[in-house]
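Asker: The structure's right below; bear with me while I get my questions together.
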Protein chains: 4
Amino acid sequence: MLIVMKPNASEADIRKIEELIKARGFAAHISRGKINTVIGVVGDKVIHDRRIFEAIDSVQEVIKISSSYKLASRIFKPEDTVIRVKEVEIGGEKIAVIAGPCAVESFEQLESTAEFLSKCGVKLLRGGAFKPRTSPYSFQGLGEEGLKYLKQVADKYNMAIVSEVMEASQIELCVKYVDILQVGARNMQNFNLLRELGYINKPILLKRGLSATIEELLMSAEYIMSGGNRNIILCERGIRTFETATRNTLDISAIPVIKKLSHLPVIADPSHATGLRDKVAPMARAAIAAGADGVTIEVHSSPETALCDGAQSVYHNQFEELYNELKGIAPIIKRKL
Amino acid sequence: MLIVMKPNASEADIRKIEELIKARGFAAHISRGKINTVIGVVGDKVIHDRRIFEAIDSVQEVIKISSSYKLASRIFKPEDTVIRVKEVEIGGEKIAVIAGPCAVESFEQLESTAEFLSKCGVKLLRGGAFKPRTSPYSFQGLGEEGLKYLKQVADKYNMAIVSEVMEASQIELCVKYVDILQVGARNMQNFNLLRELGYINKPILLKRGLSATIEELLMSAEYIMSGGNRNIILCERGIRTFETATRNTLDISAIPVIKKLSHLPVIADPSHATGLRDKVAPMARAAIAAGADGVTIEVHSSPETALCDGAQSVYHNQFEELYNELKGIAPIIKRKL
Amino acid sequence: MLIVMKPNASEADIRKIEELIKARGFAAHISRGKINTVIGVVGDKVIHDRRIFEAIDSVQEVIKISSSYKLASRIFKPEDTVIRVKEVEIGGEKIAVIAGPCAVESFEQLESTAEFLSKCGVKLLRGGAFKPRTSPYSFQGLGEEGLKYLKQVADKYNMAIVSEVMEASQIELCVKYVDILQVGARNMQNFNLLRELGYINKPILLKRGLSATIEELLMSAEYIMSGGNRNIILCERGIRTFETATRNTLDISAIPVIKKLSHLPVIADPSHATGLRDKVAPMARAAIAAGADGVTIEVHSSPETALCDGAQSVYHNQFEELYNELKGIAPIIKRKL
Amino acid sequence: MLIVMKPNASEADIRKIEELIKARGFAAHISRGKINTVIGVVGDKVIHDRRIFEAIDSVQEVIKISSSYKLASRIFKPEDTVIRVKEVEIGGEKIAVIAGPCAVESFEQLESTAEFLSKCGVKLLRGGAFKPRTSPYSFQGLGEEGLKYLKQVADKYNMAIVSEVMEASQIELCVKYVDILQVGARNMQNFNLLRELGYINKPILLKRGLSATIEELLMSAEYIMSGGNRNIILCERGIRTFETATRNTLDISAIPVIKKLSHLPVIADPSHATGLRDKVAPMARAAIAAGADGVTIEVHSSPETALCDGAQSVYHNQFEELYNELKGIAPIIKRKL
């Protein structure tokens, strides 16, 4: 952390800051410029709240430098993290495609979707058992029954399961059935949940919050990693902006930004970001072309009758076409599918 | 809901939409304009996912009309809701001032703050026992011990307690000590928590999420109210925008907007919105001048040593001055303090 | 336009609205739902200010339906607009690559860049002669001299020129040298400039404003088109959001959205959007993969010494690699380069 | 400017940066921390483009410290700037109220409004002669005729005139009639216009752009001031956010932020920010309560028939009530009206 003093700060002002720094167990490194004196805060730990100094009158500005995350940072681990689940690798040379319905609605629905996806070559099956809905009157998911269907179907087609865990109390249940536990955008800063997920040994798919910065996303990954679980897959799923033509704005540039800052794999969710079926394929291609390690796509055999998010679920034939396009793009950026 | 057909939509296209509407149990009301045919969806229930129709090719646009919330709406209950807690009324003629430290740190700290506030005339004491922090290494709150301190101190000074409940599993504990349960901004769409709060009979202070629209805030209030608990106090606490000079942007205009749309009381939290002590008083005055039913202010006797959010906590003398200013503004807008 | 009355609106309230509509030369079409009465405003023209009705007490909401733009809309012209400049087509099967330095700095600089680009196969040379800079102390461009260099160099290598016009008074000068006149993001709603550009017969490259919605961008295109000039190329160049890791957020989803709403060609500008050299290639690939008709890329032989935007200009070898990647992606989405 | 090197940066990397800094005429001041080496760039001038260094691989981050504006900064001029126009002072003890119709429509309309406002005590009359409209089909203003009406009416009632200048070529005309030249939000970064306004000796009312940061607003003020004209009044008029309940979000917190950073007067425009008549009074009160030096309010004797922005224009009786409320709030914050 660097504390920039105002041009007219006196020696006494500088001393006062120095003492405050020392009182918190850090060293102060003073450097005098033509206009401003800058005081560096040096130490092994990190002062988290820079506003303590900002509120002091002689201080012009406080600047954080060492980033708040460490375990998630590429500076501390330069090589890519590759996560293995059953036969699939995420973050390696191969692009990962996660697909399936928004919600598990019935065994038959899930089975037919999985059969289709499996034939396409998909190895990661998604489906929600617990559905957080903005309206109290909407379908809330099948719960454990849904998880059981996922397990049966995934076993039959030799797929791995991705499904959302909504609160700490559900973890125990989820780990029995699910291979990759998803943390939804609204839970990205549910710190209780993050802490508990740090103690399990299954990979976590961590979605970026609607209004979370990339740094906050990495900080949430750090939260989980500090508990011991290092297998985090990050997911860009759209941020809230002033534009309303799409449900959210998929921040594709977050992909190369995260790949530079962190060693963790990054995927994109074009279904939730756009909320519109005909925008899913273009945005999935864009994400892969920008360097994403994978995508997660909502697929439904009959989107018009889906109990959840039908409008953003692609038809089987649309998915097949998209899958082939991604296969074509992969080698151009030295990846495989 | 209104479905606007494209100018070139055929009769067959219109029939298809009509059938889809009827299949969902609604009536279709067709109205032909010079350019577009508009199909009204009429019924007692609400279709929540307009994107089902948006994804159809002959449809130009889908427009929601009946608002998704009903119990929270002023249309269905024109007169203001006034919430009574001990001797205090929130939403009536008198302006409510909630004050106290960000976190309960010790009995002594809380006691001295409460003594001071009580002398000023404050009847609502705030303080966090469970602290959700963005860093895993920060102070996490005193837990139940903190709640006990709150109870002891509040009883002594005849104040009512406002404190945050962070997940459904904490509700039982909180209701034993707390008079008004606060739902934090990050939990505004924690639907599990909202549902459970609908079953208790204590008032809820519901904070607007960082990137939540006013409509979503009212929808979350509806979530709680649909369970039976009608005593909701809404709280504007700043939204995330591109401006970084303040931590968030306190959306003061949300106050008159909400007062028109809903009968529920609305307060503002200038401490969290700005994150900076010297901006708290101007923004508190602004909120009251704009018609807020109250404010919640973080006060600390020694902000420099606060374990949490010290930079946004005002000093005792600053609070006193602000309290007097609010007292002056109140009668100008026909309120009292 | 549709006017939704409040549930408790009286017959008299409805009559009053009806009269206001008729007084403005429109017809009113009344439709009574279970909860709300909806009044359609029917006519050949468009009422632009819906807030006239919104301010009336018995009105719940006012909804615009017929979009404000017509000439730019795909509804009124379903087939793609293809713009021809010298030997290049924009909006057809081939992807258009515009490249060159941010600013024309000297004849030599421009010549060597053009020579290189021409060898790669680039036919559209960009370069700024007038530079709008946020600081009054920065390099402001070479003016007409810069335009002359552009002309000489473009003629030598048989390229077409893209360059920015900054105000109406510069149009006369620019049309003498420039093949495609660019309107910068800050000028997207400079209506004087737009109007004058409607009277010339050279294509316009219209950049989306930093905080402009897609609808506003199309409305600005309409402004030019209503004067007679139908050759507009739209350009997505990043919007301002809360994320600061990139200079702006390139809204890739705007590309498929615009392609659906409008027949005009759409390109992307990854250089200005990201502001960072190493993000240009991933975002250019993403834009093409999402269906853009082209990209505009800043290239400099020595970015470290560039007088303008050096940090976002790619090196020659980086450009060559990117060009080849785009060549690979094109056939996958049934395009050519 | 401070350049933070990556933890693994070598001595050679540090040397390279040092040389780049010196080559640009600055001195380098190196400071080694536990994790990062920080290089300070010291000199009299300012390096404007920090991204030159950001693009270098061994650099972790580049941080600007000395703010880009100087003349506008309170650090360089601690005492408030007070601007005098005819008998009015803006930025002093008295609160300034600017009022009038959105557009000058006719002599009669303007005269009757001015008569009313003058009786209330208003000394600053606003009215647009040139109207930038988003639709090419809307009323575009009366031009010079409108300016003449303003002058006649203002002279009769002894008021000063505030009116918008839309491009550099209009300045000569405007200064003949207008006392305070307004720069609209869309022109905040029209650098040609700003430069020319620096050479005249009439006060400028500079509106914040829809997506401009506070720093950019101050930088635009600097642009004008660097030409010699130091009489700038800043105006907060709403920023674009995700919330659509109001036209824009009036950033009230910008008022205390600017008052701390700059010595220039700051006013607020609640009419344009909210776009809704019934939100104007609450937001005007809020702005004054937050410390604004004034407000600008659109008033119309018959808003329903206004040619421009009728929905946000208040009625005469509403204005009178608001004016009295502001009179009541002023002394509470030690101001007058």
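Going through the structure tokens in order, the chains are called A, B, and so on, while each chain numbers its residues from 1 and the ligands are numbered from 1 in the order shown.
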Within 6 Å of chain B, which residues of chain D are there when counting only C-alpha atoms? Please give them as a tab-separated table (two decimals) with C-alpha atoms, in the first residue's frame.
Answerer:
chain	number	residue	atom	x	y	z
D	213	THR	CA	-16.10	10.35	-14.06
D	243	GLU	CA	-31.35	1.58	-13.12
D	282	PRO	CA	-37.07	15.98	-3.81
D	283	MET	CA	-33.82	15.86	-5.79
D	285	ARG	CA	-33.78	19.61	-1.97
D	286	ALA	CA	-31.32	16.72	-1.72
D	289	ALA	CA	-28.86	19.63	1.54
D	290	ALA	CA	-25.71	17.87	0.27
Asker: Extract, using only C-alpha atoms, all DNA, RNA and protein residues at most 7 Å from B:Leu194, discarding same-chain residues fewer than 4 positions from it, and format them as a PyMOL selection string.
Answerer: chain B and resi 190+198+223-224
Asker: Tell me which protein, DNA and RNA residues are within 9 Å of C:Val88, counting only C-alpha atoms, leaving out same-chain ones fewer than 4 positions away, and put them as a list in words.
Answerer: Ile83, Arg84, Lys94, Ala96, Lys123, Leu124 and Ala160 of chain C
Asker: Residues of stretch 7-183 of chain A classed as strand (DSSP E) by DSSP on the backbone are to be reported as a ChimeraX atom specification.
Answerer: /A:27-32,37-42,59-63,83-85,88-90,96-100,124-126,160-164,180-183
Asker: Let's have the selection written as an mmCIF file, in the first residue's frame, with C-alpha atoms.
Answerer:
data_model
loop_
_atom_site.group_PDB
_atom_site.id
_atom_site.type_symbol
_atom_site.label_atom_id
_atom_site.label_comp_id
_atom_site.auth_asym_id
_atom_site.auth_seq_id
_atom_site.Cartn_x
_atom_site.Cartn_y
_atom_site.Cartn_z
ATOM 1 C CA ALA A 27 7.249 -0.520 8.308
ATOM 2 C CA ALA A 28 6.983 2.870 6.572
ATOM 3 C CA HIS A 29 9.184 3.730 3.581
ATOM 4 C CA ILE A 30 9.166 7.469 2.795
ATOM 5 C CA SER A 31 9.948 8.829 -0.663
ATOM 6 C CA ARG A 32 9.813 12.559 -1.434
ATOM 7 C CA THR A 37 5.600 12.664 -0.573
ATOM 8 C CA VAL A 38 4.729 9.001 -0.933
ATOM 9 C CA ILE A 39 4.807 6.626 2.037
ATOM 10 C CA GLY A 40 5.101 2.932 1.294
ATOM 11 C CA VAL A 41 3.645 0.437 3.766
ATOM 12 C CA VAL A 42 5.961 -2.566 3.927
ATOM 13 C CA VAL A 59 -3.577 12.362 2.776
ATOM 14 C CA GLN A 60 -4.296 12.906 -0.916
ATOM 15 C CA GLU A 61 -4.774 9.312 -1.967
ATOM 16 C CA VAL A 62 -4.145 5.739 -0.855
ATOM 17 C CA ILE A 63 -3.090 3.142 -3.388
ATOM 18 C CA ILE A 83 -8.324 -29.841 -13.161
ATOM 19 C CA ARG A 84 -9.128 -33.509 -13.726
ATOM 20 C CA VAL A 85 -12.639 -34.905 -13.269
ATOM 21 C CA VAL A 88 -11.963 -34.850 -18.476
ATOM 22 C CA GLU A 89 -9.318 -32.169 -18.076
ATOM 23 C CA ILE A 90 -10.268 -28.527 -17.639
ATOM 24 C CA ALA A 96 -14.282 -28.256 -21.980
ATOM 25 C CA VAL A 97 -17.929 -28.205 -22.962
ATOM 26 C CA ILE A 98 -20.460 -28.440 -20.147
ATOM 27 C CA ALA A 99 -24.033 -28.885 -21.355
ATOM 28 C CA GLY A 100 -27.489 -29.827 -20.150
ATOM 29 C CA LEU A 124 -19.758 -32.869 -18.602
ATOM 30 C CA LEU A 125 -23.469 -32.843 -17.800
ATOM 31 C CA ARG A 126 -25.045 -29.857 -16.075
ATOM 32 C CA ALA A 160 -19.302 -36.066 -14.904
ATOM 33 C CA ILE A 161 -21.903 -33.892 -13.177
ATOM 34 C CA VAL A 162 -21.890 -30.123 -12.652
ATOM 35 C CA SER A 163 -24.620 -28.827 -10.340
ATOM 36 C CA GLU A 164 -25.194 -25.845 -8.099
ATOM 37 C CA ILE A 180 -18.131 -30.277 -9.814
ATOM 38 C CA LEU A 181 -20.017 -28.021 -7.378
ATOM 39 C CA GLN A 182 -21.188 -24.796 -8.896
ATOM 40 C CA VAL A 183 -21.411 -21.540 -6.927
#
Asker: Enter the distance from atom CA of D:Leu205 to atom CA of D:Pro265, in Å, rounded to one decimal.
Answerer: 9.7 Å
Asker: Which distance in Å separates atom CA of A:Ile297 and atom CA of A:Ser271, to one decimal?
Answerer: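 Interatomic distance here is 5.9 Å.
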Asker: Stretch 26-154 of chain D: which residues are alpha helix (DSSP H) by DSSP, as a list in words?
Answerer: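 Output for stretch 26-154 of chain D, alpha helix (DSSP H) only: Arg51, Ile52, Phe53, Glu54, Phe107, Glu108, Gln109, Leu110, Glu111, Ser112, Thr113, Ala114, Glu115, Phe116, Leu117, Ser118, Lys119, Cys120, Glu144, Glu145, Gly146, Leu147, Lys148, Tyr149, Leu150, Lys151, Gln152, Val153 and Ala154 of chain D.
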